Amino acid sequence: MDPVQHPALLENIRLWAWRAYSDTINQIQALRPYSKFPDTDVDRYIINGRIKQVLLSPREIDVRQLPADAQASWINPHFIYTHGFGVVVSEVNKTTPDGLPVLLIADAPPEIRSSGFRLTRPEIYYGESTHDPVFVATLRQEFDYPSGEQNKYSTYQGTGGFPVGSFLIQAAAAVALGEPNIIFTRYFNDRSRIMIYRNVRSRLVHLAGFLHWDGDPYLVITDDGRLVWIVDGYATSQSHPYSAILPVAGLRGGANYIRNSVKASVDAYTGKMALYIFDPDDPIIQAYQHLFPKLFRPASEMPADLRRHVRYPEVQFQTQAEAYRIFHMRDPQVFYNKEDVWEIARGLYGQSGKPEPMSPTYIVATLPGERDPEFLLMLPFAPRGKDNLIGWMAARCDGDRLGELIYFQLPKQQLVYGPMQIESRIDQEQTIAKDLTLWNQQGSRVLRGNMIALPVSDGFLYVESIYIQAVEARMPQLKKIVLARGNRLIYRDTFEEALAELTGGGGAPRAQPTAVASTATPAPTSQQGPGIAPALAERLQKLQKQAQQLVQEIQAIQKEAAKK
């Protein structure tokens, strides 16, 4: 594999599985026990003129983690601890010497350590981990972030919620929410506002409950430094004729019709919502558009700095993958007999050691035949009852190609290693097995990251991260990297070392599995013993020199012929 041909892919290989990353961030960036990072999202930003895949975690407040004395006061969770503050952003392929993420945005107030970002409104009043109601712009200042032994406070300046300055509104709110303290508090003024329905998904359900809203909103940093949530909305049905009902994440009973027709934005500071139609040909959304003409906007009206971050949703992709593993069969007889049913490829994750179907993964890669890198969602397939790789499915996310699906079917007559087979080779390699056993016996636990299958020009590159986590503290540290391509398996301390050895750039010597010259689809009979590999490499070098000499001789003959 030539690294020059795949610079964007190699610069964006995700070494941090989101669960391991989330556990680590909650340890090193949660400034107080009530600060939390409820979710980590994968996105891409342009940094120094290049597309970079990043992990982004919003810092929110969990009032349930406040000290008991603070929770006993009605004022604290409703007037003071009202919002989260800032985000943590990390490049997916960078680690510190201690095996921790390299942070591009960290701490509070947010320290921006990379170009391409700015934060002018880091407050998160509307998020994924919120409580209702809260009162803002009152006589009590609101907590922003800790600063040494002191806390920093501010007063809300936005238009979120609705006014609650008059006694009549306060009385109505007290009755509606069943909270008499609203009437008796003396902290309201003419500018005071009450915020309700602050959970992003619940907020959209109250606005447009006829759509199925994705359970994983993701946060975007806009060009002007604001924080805005993007949420995918689906038009679904169980009544589409002659169609099988398939499972849909978060939707009871599944659906036999699903389209990602709408994408919504929710401002994290004001709560302002906008619904954009991304599939105007969907007949269901057309009907709702006629019913609520002012509710929806065309996709062309979405601000450009948000449009750059829309993506193909995992929910719909997973449902389509479930259908494709059967409906890729085109021959009626084969389809009727279910002779070529696929399964979603399996892998290992965490400590359980049990194989489980892989989840869709966002990557940055350049597809075969294309020139520019792009943000993709991908998933590999294996034949039913087997673990070799048989198919690979990807969805495009960028620009006008958003929503395009791409499928690769691999030759059935040759073996291409699948993720689970690479996992087995990792377990069987003596050096790796010895390390994993040792680390699991010294007050720590070994965590294995998600296996990622990446398309390269002449096959697939597999990447898996190995973390160590102390038994008493959930703070995984990246310890080792495994790269595999064809028959080669590389096990090193860092990705740079592993890549250098895989591509012939050297690397620290270390015991590893027997390797031969890798191919895209190696047959099992092509594996060589440890005594044959060096001789084969020497023979190949001699043949290469002979071929070069022959080419030079042919060129010389052609020049002589041209003169005559």
# chains A, B, ... in the order shown; residues from 1 in each chain; ligands from 1
$ select_by_dssp --residues "region 38-220 of chain A" --states "strand (DSSP E or B)" --output "count of residues only"
65
$ select_by_dssp --residues "region 27-188 of chain A" --states "alpha helix (DSSP H)" --output "list in words"
Gln27, Ile28, Ala68, Asp69, Ala70, Gln71, Ala72, Ile75, Phe167, Leu168, Ile169, Gln170, Ala171, Ala172, Ala173, Ala174, Val175, Ala176, Leu177, Asn181, Ile182, Ile183 and Phe184 of chain A
$ closest_atom_pairs --of "region 177-218 of chain A" --to "region 284-303 of chain A" --cutoff "10 Å" --atoms "only C-alpha atoms" --output "Markdown table"
| residue | atom | partner | partner_atom | distance |
| --- | --- | --- | --- | --- |
| A:Leu207 | CA | A:Leu295 | CA | 9.2 |
| A:Ala208 | CA | A:Leu295 | CA | 8.9 |
| A:Phe210 | CA | A:Tyr288 | CA | 8.8 |
| A:Leu211 | CA | A:Ile285 | CA | 9.1 |
$ atom_distance --atom1 "CA of Asn256 (chain A)" --atom2 "CA of Gln316 (chain A)"
11.6 Å
$ residues_around --residues "Gly347 (chain A)" --least-positions-apart "6" --cutoff "6 Å" --atoms "only C-alpha atoms" --output "PyMOL selection string"
chain A and resi 355-356+358+419-420
$ write_last_selection --atoms "C-alpha atoms" --output "PDB file, in the first residue's frame"
ATOM      1  CA  PRO A 355     -18.443 -11.591  18.711  1.00  0.00           C
ATOM      2  CA  GLU A 356     -21.197  -9.133  17.869  1.00  0.00           C
ATOM      3  CA  MET A 358     -20.414  -4.413  13.752  1.00  0.00           C
ATOM      4  CA  PRO A 419     -13.018  -8.469  10.569  1.00  0.00           C
ATOM      5  CA  MET A 420     -13.657 -11.529  12.743  1.00  0.00           C
TER       6      MET A 420
END
$ closest_atom_pairs --of "region 308-399 of chain A" --to "region 236-253 of chain A" --cutoff "10 Å" --atoms "only C-alpha atoms" --output "Markdown table"
| residue | atom | partner | partner_atom | distance |
| --- | --- | --- | --- | --- |
| A:Glu314 | CA | A:Ala249 | CA | 9.2 |
| A:Val315 | CA | A:Ala249 | CA | 5.9 |
| A:Gln316 | CA | A:Val248 | CA | 7.5 |
| A:Phe317 | CA | A:Val248 | CA | 9.9 |
| A:Gln318 | CA | A:Val248 | CA | 8.0 |
| A:Thr319 | CA | A:Val248 | CA | 6.1 |
| A:Gln320 | CA | A:Leu246 | CA | 9.0 |
| A:Glu322 | CA | A:Leu246 | CA | 7.6 |
| A:Ala323 | CA | A:Leu246 | CA | 7.6 |
$ atom_distance --atom1 "CA of Ser73 (chain A)" --atom2 "CA of Ala172 (chain A)"
22.2 Å
$ closest_residue --among "A:Pro122, A:Pro455, A:Gly271, A:Pro280" --to "Gly161 (chain A)" --atoms "only C-alpha atoms"
A:Gly271
$ residues_around --residues "Ser192 (chain A)" --least-positions-apart "2" --cutoff "12 Å" --atoms "only C-alpha atoms" --output "PyMOL selection string"
chain A and resi 79+134-141+155-167+169-170+186-190+194-195
$ residues_around --residues "Ser129 (chain A)" --least-positions-apart "2" --cutoff "10 Å" --atoms "only C-alpha atoms" --output "ChimeraX atom specification"
/A:36-39,58-63,83-84,124-127,131,198-200
$ write_last_selection --atoms "N, CA, C and O atoms" --output "tab-separated table (two decimals), in the first residue's frame"
chain	number	residue	atom	x	y	z
A	36	LYS	N	-20.77	16.66	32.81
A	36	LYS	CA	-20.74	15.35	32.15
A	36	LYS	C	-20.75	15.54	30.64
A	36	LYS	O	-21.16	16.59	30.12
A	37	PHE	N	-20.28	14.51	29.97
A	37	PHE	CA	-20.30	14.47	28.51
A	37	PHE	C	-21.20	13.30	28.11
A	37	PHE	O	-20.75	12.17	28.02
A	38	PRO	N	-22.49	13.56	27.91
A	38	PRO	CA	-23.44	12.46	27.69
A	38	PRO	C	-23.25	11.73	26.38
A	38	PRO	O	-23.73	10.60	26.22
A	39	ASP	N	-22.57	12.36	25.43
A	39	ASP	CA	-22.45	11.72	24.12
A	39	ASP	C	-21.20	12.24	23.42
A	39	ASP	O	-20.69	13.32	23.73
A	58	PRO	N	-20.15	17.54	23.83
A	58	PRO	CA	-20.65	18.73	24.54
A	58	PRO	C	-20.58	18.54	26.05
A	58	PRO	O	-20.86	17.46	26.57
A	59	ARG	N	-20.19	19.60	26.75
A	59	ARG	CA	-20.13	19.56	28.21
A	59	ARG	C	-21.46	20.07	28.76
A	59	ARG	O	-21.80	21.23	28.64
A	60	GLU	N	-22.23	19.16	29.38
A	60	GLU	CA	-23.52	19.52	29.94
A	60	GLU	C	-23.50	19.35	31.45
A	60	GLU	O	-22.51	18.89	32.03
A	61	ILE	N	-24.62	19.70	32.09
A	61	ILE	CA	-24.74	19.62	33.54
A	61	ILE	C	-25.77	18.57	33.90
A	61	ILE	O	-26.86	18.53	33.33
A	62	ASP	N	-25.42	17.72	34.84
A	62	ASP	CA	-26.34	16.73	35.39
A	62	ASP	C	-26.64	17.13	36.83
A	62	ASP	O	-25.83	16.90	37.73
A	63	VAL	N	-27.80	17.73	37.05
A	63	VAL	CA	-28.11	18.27	38.38
A	63	VAL	C	-28.27	17.15	39.41
A	63	VAL	O	-28.22	17.41	40.62
A	83	HIS	N	-27.36	25.43	32.63
A	83	HIS	CA	-26.86	25.15	31.28
A	83	HIS	C	-25.47	24.53	31.33
A	83	HIS	O	-24.72	24.70	32.30
A	84	GLY	N	-25.14	23.83	30.26
A	84	GLY	CA	-23.78	23.34	30.06
A	84	GLY	C	-22.91	24.43	29.47
A	84	GLY	O	-23.39	25.53	29.14
A	124	ILE	N	-24.82	25.91	26.64
A	124	ILE	CA	-25.73	24.88	26.11
A	124	ILE	C	-26.96	24.84	27.00
A	124	ILE	O	-26.98	24.16	28.04
A	125	TYR	N	-27.99	25.59	26.61
A	125	TYR	CA	-29.25	25.59	27.34
A	125	TYR	C	-30.18	24.49	26.84
A	125	TYR	O	-31.07	24.06	27.57
A	126	TYR	N	-29.98	24.06	25.59
A	126	TYR	CA	-30.79	22.99	25.00
A	126	TYR	C	-29.84	21.89	24.57
A	126	TYR	O	-28.93	22.12	23.78
A	127	GLY	N	-30.03	20.67	25.14
A	127	GLY	CA	-29.08	19.61	24.87
A	127	GLY	C	-29.69	18.24	25.05
A	127	GLY	O	-30.91	18.06	24.99
A	131	HIS	N	-32.80	19.31	32.27
A	131	HIS	CA	-33.91	19.17	33.19
A	131	HIS	C	-34.82	20.38	33.00
A	131	HIS	O	-34.38	21.47	32.67
A	198	ARG	N	-36.40	21.28	26.97
A	198	ARG	CA	-35.02	21.60	26.61
A	198	ARG	C	-34.24	20.41	26.06
A	198	ARG	O	-33.17	20.58	25.50
A	199	ASN	N	-34.75	19.20	26.24
A	199	ASN	CA	-34.13	18.05	25.60
A	199	ASN	C	-34.37	18.15	24.10
A	199	ASN	O	-35.52	18.32	23.65
A	200	VAL	N	-33.31	18.07	23.31
A	200	VAL	CA	-33.39	18.37	21.88
A	200	VAL	C	-34.40	17.47	21.17
A	200	VAL	O	-35.27	17.95	20.43
$ atom_distance --atom1 "CA of Asn388 (chain A)" --atom2 "CA of Ala345 (chain A)"
8.3 Å
$ residues_around --residues "Arg492 (chain A)" --least-positions-apart "4" --cutoff "7 Å" --atoms "only C-alpha atoms" --output "number ranges by chain"
A: 480-482, 497-498
$ closest_residue --among "A:Leu379, A:Val416, A:Ile468, A:Leu100" --to "Thr437 (chain A)" --atoms "only C-alpha atoms"
A:Ile468
$ closest_residue --among "A:Ile28, A:Leu499, A:Ile13, A:Ile490" --to "Ile426 (chain A)" --atoms "only C-alpha atoms"
A:Ile490
$ closest_residue --among "A:Asn12, A:Asn337, A:Ser261, A:Gln5" --to "Ile51 (chain A)" --atoms "only C-alpha atoms"
A:Asn12
$ residues_around --residues "Asp216 (chain A)" --least-positions-apart "3" --cutoff "9 Å" --atoms "only C-alpha atoms" --output "list in words"
Asp39, Asp41, Glu128, Arg201, Trp213, Val231 and Asp232 of chain A
$ write_last_selection --atoms "C-alpha atoms" --output "mmCIF file, in the first residue's frame"
data_model
loop_
_atom_site.group_PDB
_atom_site.id
_atom_site.type_symbol
_atom_site.label_atom_id
_atom_site.label_comp_id
_atom_site.auth_asym_id
_atom_site.auth_seq_id
_atom_site.Cartn_x
_atom_site.Cartn_y
_atom_site.Cartn_z
ATOM 1 C CA ASP A 39 -22.446 11.724 24.115
ATOM 2 C CA ASP A 41 -20.272 12.556 17.961
ATOM 3 C CA GLU A 128 -29.258 15.888 25.491
ATOM 4 C CA ARG A 201 -35.218 15.259 20.714
ATOM 5 C CA TRP A 213 -36.726 11.619 15.274
ATOM 6 C CA VAL A 231 -31.247 15.935 14.186
ATOM 7 C CA ASP A 232 -32.413 13.543 11.460
#
$ closest_residue --among "A:His212, A:Met378, A:Val54, A:Asp387" --to "Leu405 (chain A)" --atoms "only C-alpha atoms"
A:Met378
$ closest_residue --among "A:Asp493, A:Asp23, A:Glu111, A:Glu142" --to "Pro77 (chain A)" --atoms "only C-alpha atoms"
A:Glu142
